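A.B. asks: Structure: coords_38.txt, compact mmCIF, C-alpha atoms.
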# COMPACT_ATOMS: atom_id res chain seq x y z
CA ALA A 35 94.74 129.79 127.18
CA THR A 36 94.44 127.25 124.37
CA LEU A 37 97.70 126.04 122.88
CA ASN A 38 97.68 125.73 119.09
CA ASP A 39 101.09 124.05 119.03
CA VAL A 40 100.53 120.29 119.33
CA HIS A 41 104.14 119.70 120.47
CA GLN A 42 103.68 122.21 123.28
CA GLN A 43 100.43 120.51 124.27
CA PHE A 44 102.38 117.25 124.56
CA ALA A 45 105.20 118.88 126.55
CA GLU A 46 102.76 120.58 128.94
CA TYR A 47 101.30 117.19 129.80
CA PHE A 48 104.42 116.59 131.94
CA ASP A 49 104.71 118.44 135.23
CA ILE A 50 108.51 118.51 135.31
CA PRO A 51 109.78 121.85 133.90
CA GLU A 52 113.23 120.40 133.01
CA LEU A 53 111.59 117.73 130.84
CA LYS A 54 109.35 120.08 128.82
CA PRO A 55 111.89 121.31 126.22
CA TYR A 56 112.98 117.71 125.54
CA ALA A 57 109.40 116.47 125.28
CA TYR A 58 108.66 119.33 122.87
CA LEU A 59 111.64 118.62 120.61
CA LEU A 60 111.05 114.86 120.66
CA SER A 61 107.41 115.37 119.64
CA LYS A 62 108.53 117.71 116.85
CA LYS A 63 111.09 115.15 115.62
CA GLY A 64 108.37 112.50 115.58
CA SER A 65 106.21 114.68 113.33
CA GLU A 66 109.18 114.97 110.93
CA GLY A 67 109.52 111.19 110.66
CA HIS A 68 112.37 110.67 113.16
CA ILE A 69 112.10 108.29 116.09
CA CYS A 70 114.55 109.92 118.50
CA LEU A 71 116.21 113.18 119.51
CA HIS A 72 120.00 113.32 119.08
CA LEU A 73 121.21 115.08 122.22
CA ASP A 74 124.62 115.90 120.77
CA LYS A 75 122.75 118.24 118.38
CA ILE A 76 120.55 119.76 121.09
CA LYS A 77 122.05 123.26 120.75
CA GLU A 78 120.89 123.57 117.12
CA GLU A 79 117.45 122.23 118.08
CA THR A 80 116.82 124.70 120.93
CA GLU A 81 116.25 127.48 118.37
CA ASN A 82 112.96 125.72 117.55
CA LEU A 83 111.68 125.93 121.13
CA PRO A 84 108.86 128.26 122.25
CA GLU A 85 110.16 131.24 124.26
CA ALA A 86 108.93 129.78 127.56
CA TYR A 87 111.13 126.69 127.13
CA LYS A 88 114.26 128.50 125.96
CA LYS A 89 114.93 129.66 129.53
CA ILE A 90 115.08 126.06 130.82
CA ASP A 91 118.52 124.49 131.04
CA THR A 92 119.00 121.71 128.48
CA GLY A 93 122.30 120.42 129.82
CA ASN A 94 122.33 116.73 128.89
CA SER A 95 122.99 115.45 132.40
CA ILE A 96 119.62 116.83 133.57
CA LEU A 97 117.74 113.98 131.87
CA GLU A 98 119.53 111.37 134.00
CA THR A 99 117.98 112.87 137.14
CA ILE A 100 114.38 112.91 135.85
CA PRO A 101 112.27 110.00 137.19
CA LEU A 102 110.20 109.74 133.98
CA VAL A 103 113.33 108.89 131.95
CA GLY A 104 114.51 105.27 131.88
CA THR A 105 117.65 103.80 130.33
CA ASP A 106 116.73 100.50 128.71
CA GLY A 107 113.05 100.44 127.74
CA ASN A 108 112.26 97.57 130.09
CA ASP A 109 111.03 99.92 132.81
CA ARG A 110 107.70 101.69 132.64
CA GLN A 111 109.01 105.24 132.15
CA PRO A 112 107.56 107.01 129.07
CA PHE A 113 111.03 108.21 127.93
CA VAL A 114 114.25 106.29 127.33
CA LEU A 115 117.75 107.80 127.31
CA TYR A 116 120.15 105.56 125.36
CA GLN A 117 123.53 106.36 123.77
CA ASN A 118 122.89 110.10 124.03
CA ARG A 119 119.55 109.80 122.25
CA LEU A 120 116.14 110.39 123.77
CA TYR A 121 113.25 108.15 122.70
CA LEU A 122 109.64 107.63 123.60
CA GLN A 123 109.64 104.19 125.20
CA ARG A 124 107.38 102.69 122.54
CA TYR A 125 109.71 103.72 119.71
CA PHE A 126 112.79 102.57 121.59
CA ARG A 127 111.19 99.13 121.90
CA TYR A 128 110.37 99.10 118.19
CA GLU A 129 113.94 99.99 117.23
CA THR A 130 115.36 97.38 119.61
CA GLY A 131 112.96 94.83 118.11
CA PHE A 132 114.13 95.70 114.57
CA LEU A 133 117.76 95.11 115.51
CA GLN A 134 117.00 91.80 117.17
CA ARG A 135 114.97 90.56 114.19
CA VAL A 136 117.58 91.60 111.61
CA LYS A 137 120.30 89.86 113.68
CA GLN A 138 118.08 86.79 113.78
CA PHE A 139 117.79 86.87 109.97
CA LEU A 140 121.57 87.17 109.65
CA ASP A 141 122.26 84.35 112.11
CA THR A 142 119.79 82.03 110.36
CA GLU A 143 121.13 82.74 106.88
CA LYS A 144 124.69 81.79 107.93
CA ALA A 145 123.54 78.19 108.32
CA LEU A 146 121.68 78.30 104.97
CA LEU A 147 124.47 79.99 102.99
CA PRO A 148 126.34 76.86 101.70
CA GLU A 149 123.05 75.41 100.39
CA ARG A 150 122.10 78.73 98.76
CA LYS A 151 125.53 79.17 97.14
CA ALA A 152 125.15 75.69 95.62
CA LEU A 153 121.68 76.73 94.43
CA LEU A 154 123.15 79.79 92.67
CA GLN A 155 125.89 77.71 91.04
CA SER A 156 123.31 75.25 89.75
CA GLN A 157 121.53 78.12 87.98
CA GLN A 158 124.56 79.71 86.29
CA ALA A 159 123.14 79.28 82.78
CA LEU A 160 119.83 80.90 83.76
CA ILE A 161 121.60 83.78 85.57
CA SER A 162 123.81 84.44 82.52
CA LYS A 163 120.70 84.53 80.32
CA LEU A 164 118.74 86.81 82.70
CA PHE A 165 121.58 89.31 83.05
CA ALA A 166 123.00 89.24 79.52
CA GLY A 167 123.85 92.82 78.57
CA THR A 168 122.38 94.52 81.67
CA VAL A 169 125.50 96.45 82.67
CA ALA A 170 124.83 100.14 82.12
CA ASN A 171 128.49 101.04 81.85
CA ASP A 172 128.88 104.80 82.05
CA GLY A 173 132.66 104.51 82.28
CA ASN A 174 132.75 105.37 85.98
CA ASP A 175 130.96 102.40 87.53
CA PRO A 176 131.31 99.12 85.65
CA ALA A 177 129.44 97.14 88.34
CA ASP A 178 126.17 95.42 87.46
CA TRP A 179 124.18 96.50 90.51
CA GLN A 180 121.06 94.68 89.33
CA LEU A 181 123.00 91.40 89.30
CA ALA A 182 124.52 92.22 92.72
CA ALA A 183 121.03 92.92 94.13
CA ALA A 184 119.64 89.69 92.66
CA ILE A 185 122.44 87.54 94.06
CA THR A 186 122.04 89.24 97.45
CA GLY A 187 118.30 88.54 97.34
CA VAL A 188 118.89 84.85 96.65
CA LEU A 189 121.63 84.37 99.26
CA ASN A 190 120.31 86.52 102.10
CA ASN A 191 117.21 86.51 104.30
CA PHE A 192 117.12 90.30 104.63
CA THR A 193 117.63 92.40 101.49
CA ILE A 194 116.98 96.09 100.80
CA ILE A 195 116.81 97.17 97.14
CA THR A 196 116.68 100.92 96.79
CA GLY A 197 116.48 103.22 93.79
CA GLY A 198 114.36 105.94 92.23
CA PRO A 199 111.50 105.37 89.78
CA GLY A 200 112.52 103.45 86.67
CA THR A 201 115.82 102.15 88.08
CA GLY A 202 114.77 98.52 87.72
CA LYS A 203 113.71 97.45 91.22
CA THR A 204 110.78 95.34 89.98
CA THR A 205 112.88 93.92 87.13
CA THR A 206 115.46 92.82 89.70
CA VAL A 207 112.70 91.16 91.75
CA ALA A 208 111.46 89.37 88.60
CA LYS A 209 114.96 87.97 88.09
CA ILE A 210 115.32 86.93 91.75
CA LEU A 211 111.99 85.11 91.55
CA ALA A 212 112.91 83.50 88.22
CA ILE A 213 116.05 82.02 89.86
CA LEU A 214 114.14 80.91 92.97
CA PHE A 215 111.22 79.39 91.02
CA ALA A 216 113.73 77.48 88.85
CA THR A 217 115.15 75.83 91.97
CA ASP A 218 111.80 75.40 93.76
CA PRO A 219 108.64 75.49 91.60
CA ALA A 220 106.51 75.21 94.77
CA LEU A 221 108.01 78.41 96.24
CA LYS A 222 105.44 80.40 98.25
CA VAL A 223 105.72 84.14 97.54
CA ALA A 224 103.86 87.10 99.11
CA LEU A 225 103.72 90.54 97.48
CA ALA A 226 102.77 93.41 99.77
CA ALA A 227 102.90 97.19 100.09
CA PRO A 228 101.47 99.80 102.49
CA THR A 229 98.62 100.54 100.05
CA GLY A 230 96.55 98.27 97.82
CA LYS A 231 97.37 100.42 94.80
CA ALA A 232 101.14 100.03 95.30
CA ALA A 233 100.80 96.25 95.85
CA ALA A 234 98.66 95.86 92.69
CA ARG A 235 101.15 97.96 90.70
CA MET A 236 104.03 95.69 91.74
CA ALA A 237 102.06 92.54 90.78
CA GLU A 238 101.16 94.14 87.44
CA SER A 239 104.81 95.04 86.76
CA LEU A 240 105.85 91.44 87.45
CA ARG A 241 103.15 90.07 85.13
CA ASN A 242 104.24 92.43 82.35
CA THR A 243 107.97 92.14 82.95
CA ALA A 244 110.20 92.39 79.89
CA THR A 245 112.53 89.90 81.59
CA GLU A 246 112.85 86.76 79.49
CA VAL A 247 111.44 83.99 81.66
CA ASP A 248 109.96 80.64 80.65
CA ALA A 249 106.22 80.01 80.39
CA ALA A 250 106.07 78.20 83.76
CA THR A 251 107.61 81.19 85.57
CA LYS A 252 105.31 83.63 83.74
CA GLU A 253 102.40 81.55 84.97
CA LYS A 254 103.75 81.74 88.55
CA PHE A 255 103.97 85.55 88.22
CA ALA A 256 100.36 85.68 86.97
CA LEU A 257 99.17 83.75 90.04
CA LEU A 258 100.80 86.08 92.59
CA GLN A 259 98.17 87.80 94.74
CA PRO A 260 99.15 91.30 95.92
CA ALA A 261 97.96 92.49 99.34
CA THR A 262 98.31 95.42 101.69
CA ILE A 263 100.56 94.71 104.68
CA HIS A 264 97.47 94.83 106.93
CA ARG A 265 95.68 92.24 104.83
CA LEU A 266 98.79 90.05 104.70
CA LEU A 267 99.10 90.09 108.51
CA LYS A 268 95.30 89.68 109.03
CA PRO A 269 94.05 92.22 111.61
CA VAL A 270 92.17 91.04 114.70
CA ASN A 271 88.95 93.08 114.65
CA GLY A 272 88.67 95.81 117.25
CA THR A 273 92.33 95.48 118.39
CA PRO A 274 95.71 96.81 117.24
CA TYR A 275 96.93 93.19 116.87
CA PHE A 276 97.33 90.83 113.91
CA ARG A 277 96.74 87.09 113.55
CA HIS A 278 100.25 86.66 112.17
CA ASN A 279 102.86 87.51 114.78
CA ASN A 280 105.92 86.12 116.55
CA ASN A 281 104.02 82.98 117.58
CA HIS A 282 102.21 82.50 114.26
CA SER A 283 104.57 83.32 111.37
CA LEU A 284 103.49 83.98 107.80
CA ASN A 285 103.60 80.78 105.74
CA TYR A 286 105.78 82.07 102.87
CA ASP A 287 109.30 81.37 101.59
CA VAL A 288 109.71 84.90 100.23
CA VAL A 289 107.97 88.14 101.28
CA ILE A 290 108.50 91.13 98.97
CA VAL A 291 107.39 94.57 100.20
CA ASP A 292 107.30 97.60 97.90
CA GLU A 293 107.17 101.30 98.89
CA SER A 294 108.97 100.40 102.13
CA SER A 295 109.76 104.03 102.99
CA MET A 296 106.03 104.60 103.45
CA ILE A 297 105.64 101.98 106.22
CA ASP A 298 105.27 103.50 109.67
CA VAL A 299 107.44 102.23 112.54
CA ALA A 300 104.66 100.37 114.39
CA LEU A 301 103.49 98.46 111.30
CA PHE A 302 107.06 97.62 110.30
CA ALA A 303 107.70 96.17 113.76
CA LYS A 304 104.60 93.97 113.41
CA LEU A 305 105.61 92.90 109.90
CA LEU A 306 109.10 91.84 111.05
CA ASP A 307 107.56 89.98 113.99
CA ALA A 308 105.42 87.90 111.64
CA ILE A 309 108.22 86.80 109.32
CA HIS A 310 109.92 83.49 110.04
CA PRO A 311 113.73 83.83 110.38
CA GLU A 312 114.21 81.40 107.45
CA THR A 313 111.92 83.40 105.13
CA ARG A 314 113.57 85.77 102.67
CA LEU A 315 112.36 89.34 103.23
CA ILE A 316 113.02 91.73 100.32
CA LEU A 317 112.26 95.42 100.89
CA LEU A 318 111.96 97.74 97.88
CA GLY A 319 111.94 101.50 98.16
CA ASP A 320 113.27 104.89 97.26
CA LYS A 321 115.35 106.61 99.93
CA ASP A 322 114.33 110.00 98.52
CA GLN A 323 110.61 109.28 98.70
CA LEU A 324 108.25 110.86 101.22
CA ALA A 325 108.43 109.67 104.81
CA SER A 326 105.61 107.50 106.15
CA VAL A 327 102.36 109.29 107.00
Show how you would write the structure in this file as structure tokens.

C.D. replies:
Amino acid sequence: ATLNDVHQQFAEYFDIPELKPYAYLLSKKGSEGHICLHLDKIKEETENLPEAYKKIDTGNSILETIPLVGTDGNDRQPFVLYQNRLYLQRYFRYETGFLQRVKQFLDTEKALLPERKALLQSQQALISKLFAGTVANDGNDPADWQLAAAITGVLNNFTIITGGPGTGKTTTVAKILAILFATDPALKVALAAPTGKAAARMAESLRNTATEVDAATKEKFALLQPATIHRLLKPVNGTPYFRHNNNHSLNYDVVIVDESSMIDVALFAKLLDAIHPETRLILLGDKDQLASV
């Protein structure tokens, strides 16, 4: 009989009956944008199983006895069991890679922090001008989150700026770049997004920013060339690899990526790999946006 359920097709690929319900649920989670199956929530998940799999015991200890399930991603097993979560090996390696790269960013920025704090202090007059009257004080939250995001973006190597449409993400980026260009006019900046349209829209927003910046900075904004992430990393024809990678980093001081929630896990891993630990990476996105496709 032909199976119309793609998750069941995946599960049936494995000859071990005890593994099938887990393989099914993990495949289903993947289609929903998740990269692992939380085993402490397995009881709620089993309602989604086909009848044939509901009869199979899904006691968590079973997985530890299955030869196709590894524990650290360094073995060749297709599944990895780690901290009561089940992963496909490939995704476990991606997630481990993310953590290592972010830690690398954090370690590198510690050494650069005194220099960057001095940089911020030297630009106090410009910062006061850029953020004059930006606090949207609704009485409950007097914090100027745009200023906080901008200072974070200048000080740190890894910054996430999140907010819905019209909340000022691009304006914040314009202000970060204005501060950075003031301290280093030769600053090399890359603008990227998962799609060409999104990248072009970000570049256009920067060119038309209402932020008061001097003519030299406006000129720098006008010269910024938006690109898709693929184009930025330069694909190697006929392969899943890119010219820019761990051994050949992107030659930029700042990389700004918009629509970050739309980047799939594999591409994000390759992007992180290609960014030098001393480069500032600024990710923009909306946590309520659609998952990557």

A.B. asks: In Å, how far is it from atom CA of Pro260 of chain A to atom CA of Ala227 of chain A?

C.D. replies: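 Pair atom CA of Pro260 of chain A / atom CA of Ala227 of chain A returns 8.1 Å.
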
A.B. asks: Do a neighbour search on Ala208 of chain A at 10 Å with all atoms listed in the file, toss out local chain neighbours closer than 5 positions, and write the hits as number ranges by chain.

C.D. replies: A: 164, 184, 202-203, 213-214, 239-241, 243-247, 251-252, 255

A.B. asks: So, with only C-alpha atoms as the atoms that count, which of A:Asn82, A:Thr273, A:Asn191, A:Gln123 lies closest to Lys144 of chain A?

C.D. replies: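 Result for the nearest residue to Lys144 of chain A: A:Asn191.
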
A.B. asks: Could you jot down the atom CA of Val114 of chain A to atom CA of Leu97 of chain A separation for me, Å, one decimal place?

C.D. replies: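 Distance between the two atoms: 9.6 Å.
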
A.B. asks: Give me the residues within 7 Å of Arg314 of chain A as a PyMOL selection string, counting only C-alpha atoms and dropping any in the same chain fewer than 6 places off.

C.D. replies: chain A and resi 190-192+287-289

A.B. asks: What is the distance between atom CA of Ala300 of chain A and atom CA of Asn38 of chain A, in Å to one decimal?

C.D. replies: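 Taking atom CA of Ala300 of chain A and atom CA of Asn38 of chain A, their separation equals 26.7 Å.
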
A.B. asks: Between A:Leu83, A:Leu146, A:Ala216, A:Ile69, which is the closest to Pro55 of chain A once you count only C-alpha atoms?

C.D. replies: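 Closest residue, counting only C-alpha atoms: A:Leu83.
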
A.B. asks: Of the candidates A:Thr204, A:Thr80, A:Ser61, A:Gln157, which one gets nearest to Phe113 of chain A if we count all atoms listed in the file?

C.D. replies: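 Ranked by minimum distance to Phe113 of chain A, first place goes to A:Ser61.
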
A.B. asks: Write out as a list in words each polymer residue whose atoms come within 10 Å of Ala303 of chain A, counting all atoms listed in the file; drop sequence neighbours fewer than 2 positions from it.

C.D. replies: Tyr125, Arg127, Tyr128, Glu129, Thr130, Gly131, Phe132, Arg135, Asn279, Ile297, Asp298, Val299, Ala300, Leu301, Leu305, Leu306, Asp307 and Ala308 of chain A

A.B. asks: Missing atoms in segment 186-209 of chain A need filling: write out N, CA, C and O atoms for it as a short mmCIF file (atom, residue, chain, number, x, y, z; two decimals), keeping the file's coordinate frame.

C.D. replies:
data_model
loop_
_atom_site.label_atom_id
_atom_site.label_comp_id
_atom_site.auth_asym_id
_atom_site.auth_seq_id
_atom_site.Cartn_x
_atom_site.Cartn_y
_atom_site.Cartn_z
N THR A 186 122.27 88.96 96.02
CA THR A 186 122.04 89.24 97.45
C THR A 186 120.67 88.73 97.87
O THR A 186 120.53 88.10 98.92
N GLY A 187 119.66 88.97 97.03
CA GLY A 187 118.30 88.54 97.34
C GLY A 187 118.14 87.04 97.41
O GLY A 187 117.32 86.52 98.16
N VAL A 188 118.95 86.32 96.62
CA VAL A 188 118.89 84.85 96.65
C VAL A 188 119.63 84.30 97.86
O VAL A 188 119.17 83.38 98.54
N LEU A 189 120.79 84.89 98.17
CA LEU A 189 121.63 84.37 99.26
C LEU A 189 121.12 84.75 100.65
O LEU A 189 121.20 83.96 101.58
N ASN A 190 120.60 85.98 100.76
CA ASN A 190 120.31 86.52 102.10
C ASN A 190 118.84 86.40 102.49
O ASN A 190 117.97 86.28 101.64
N ASN A 191 118.60 86.50 103.79
CA ASN A 191 117.21 86.51 104.30
C ASN A 191 116.67 87.91 104.42
O ASN A 191 115.46 88.09 104.54
N PHE A 192 117.56 88.91 104.44
CA PHE A 192 117.12 90.30 104.63
C PHE A 192 117.83 91.15 103.58
O PHE A 192 119.04 91.32 103.62
N THR A 193 117.05 91.64 102.61
CA THR A 193 117.63 92.40 101.49
C THR A 193 116.86 93.70 101.31
O THR A 193 115.63 93.70 101.36
N ILE A 194 117.60 94.79 101.12
CA ILE A 194 116.98 96.09 100.80
C ILE A 194 117.44 96.48 99.40
O ILE A 194 118.65 96.54 99.14
N ILE A 195 116.48 96.72 98.50
CA ILE A 195 116.81 97.17 97.14
C ILE A 195 116.23 98.58 97.00
O ILE A 195 115.02 98.78 97.08
N THR A 196 117.13 99.53 96.82
CA THR A 196 116.68 100.92 96.79
C THR A 196 117.05 101.57 95.46
O THR A 196 118.05 101.23 94.83
N GLY A 197 116.22 102.51 95.03
CA GLY A 197 116.48 103.22 93.79
C GLY A 197 115.26 104.04 93.41
O GLY A 197 114.14 103.72 93.82
N GLY A 198 115.47 105.07 92.65
CA GLY A 198 114.36 105.94 92.23
C GLY A 198 113.47 105.26 91.20
O GLY A 198 113.74 104.13 90.79
N PRO A 199 112.41 105.95 90.77
CA PRO A 199 111.50 105.37 89.78
C PRO A 199 112.25 105.01 88.50
O PRO A 199 113.12 105.75 88.05
N GLY A 200 111.93 103.85 87.95
CA GLY A 200 112.52 103.45 86.67
C GLY A 200 113.93 102.92 86.75
O GLY A 200 114.60 102.75 85.73
N THR A 201 114.43 102.65 87.97
CA THR A 201 115.82 102.15 88.08
C THR A 201 115.89 100.62 88.04
O THR A 201 116.96 100.05 88.17
N GLY A 202 114.73 99.98 87.91
CA GLY A 202 114.77 98.52 87.72
C GLY A 202 114.57 97.68 88.96
O GLY A 202 114.98 96.52 89.00
N LYS A 203 113.92 98.24 89.99
CA LYS A 203 113.71 97.45 91.22
C LYS A 203 112.82 96.24 90.95
O LYS A 203 113.14 95.12 91.35
N THR A 204 111.70 96.45 90.24
CA THR A 204 110.78 95.34 89.98
C THR A 204 111.41 94.33 89.02
O THR A 204 111.21 93.12 89.15
N THR A 205 112.19 94.83 88.06
CA THR A 205 112.88 93.92 87.13
C THR A 205 113.85 93.03 87.91
O THR A 205 113.95 91.83 87.64
N THR A 206 114.54 93.61 88.87
CA THR A 206 115.46 92.82 89.70
C THR A 206 114.70 91.75 90.47
O THR A 206 115.13 90.60 90.55
N VAL A 207 113.53 92.13 91.02
CA VAL A 207 112.70 91.16 91.75
C VAL A 207 112.26 90.04 90.82
O VAL A 207 112.27 88.86 91.18
N ALA A 208 111.87 90.39 89.58
CA ALA A 208 111.46 89.37 88.60
C ALA A 208 112.59 88.37 88.38
O ALA A 208 112.35 87.15 88.30
N LYS A 209 113.81 88.86 88.33
CA LYS A 209 114.96 87.97 88.09
C LYS A 209 115.27 87.11 89.33
O LYS A 209 115.60 85.93 89.20
#
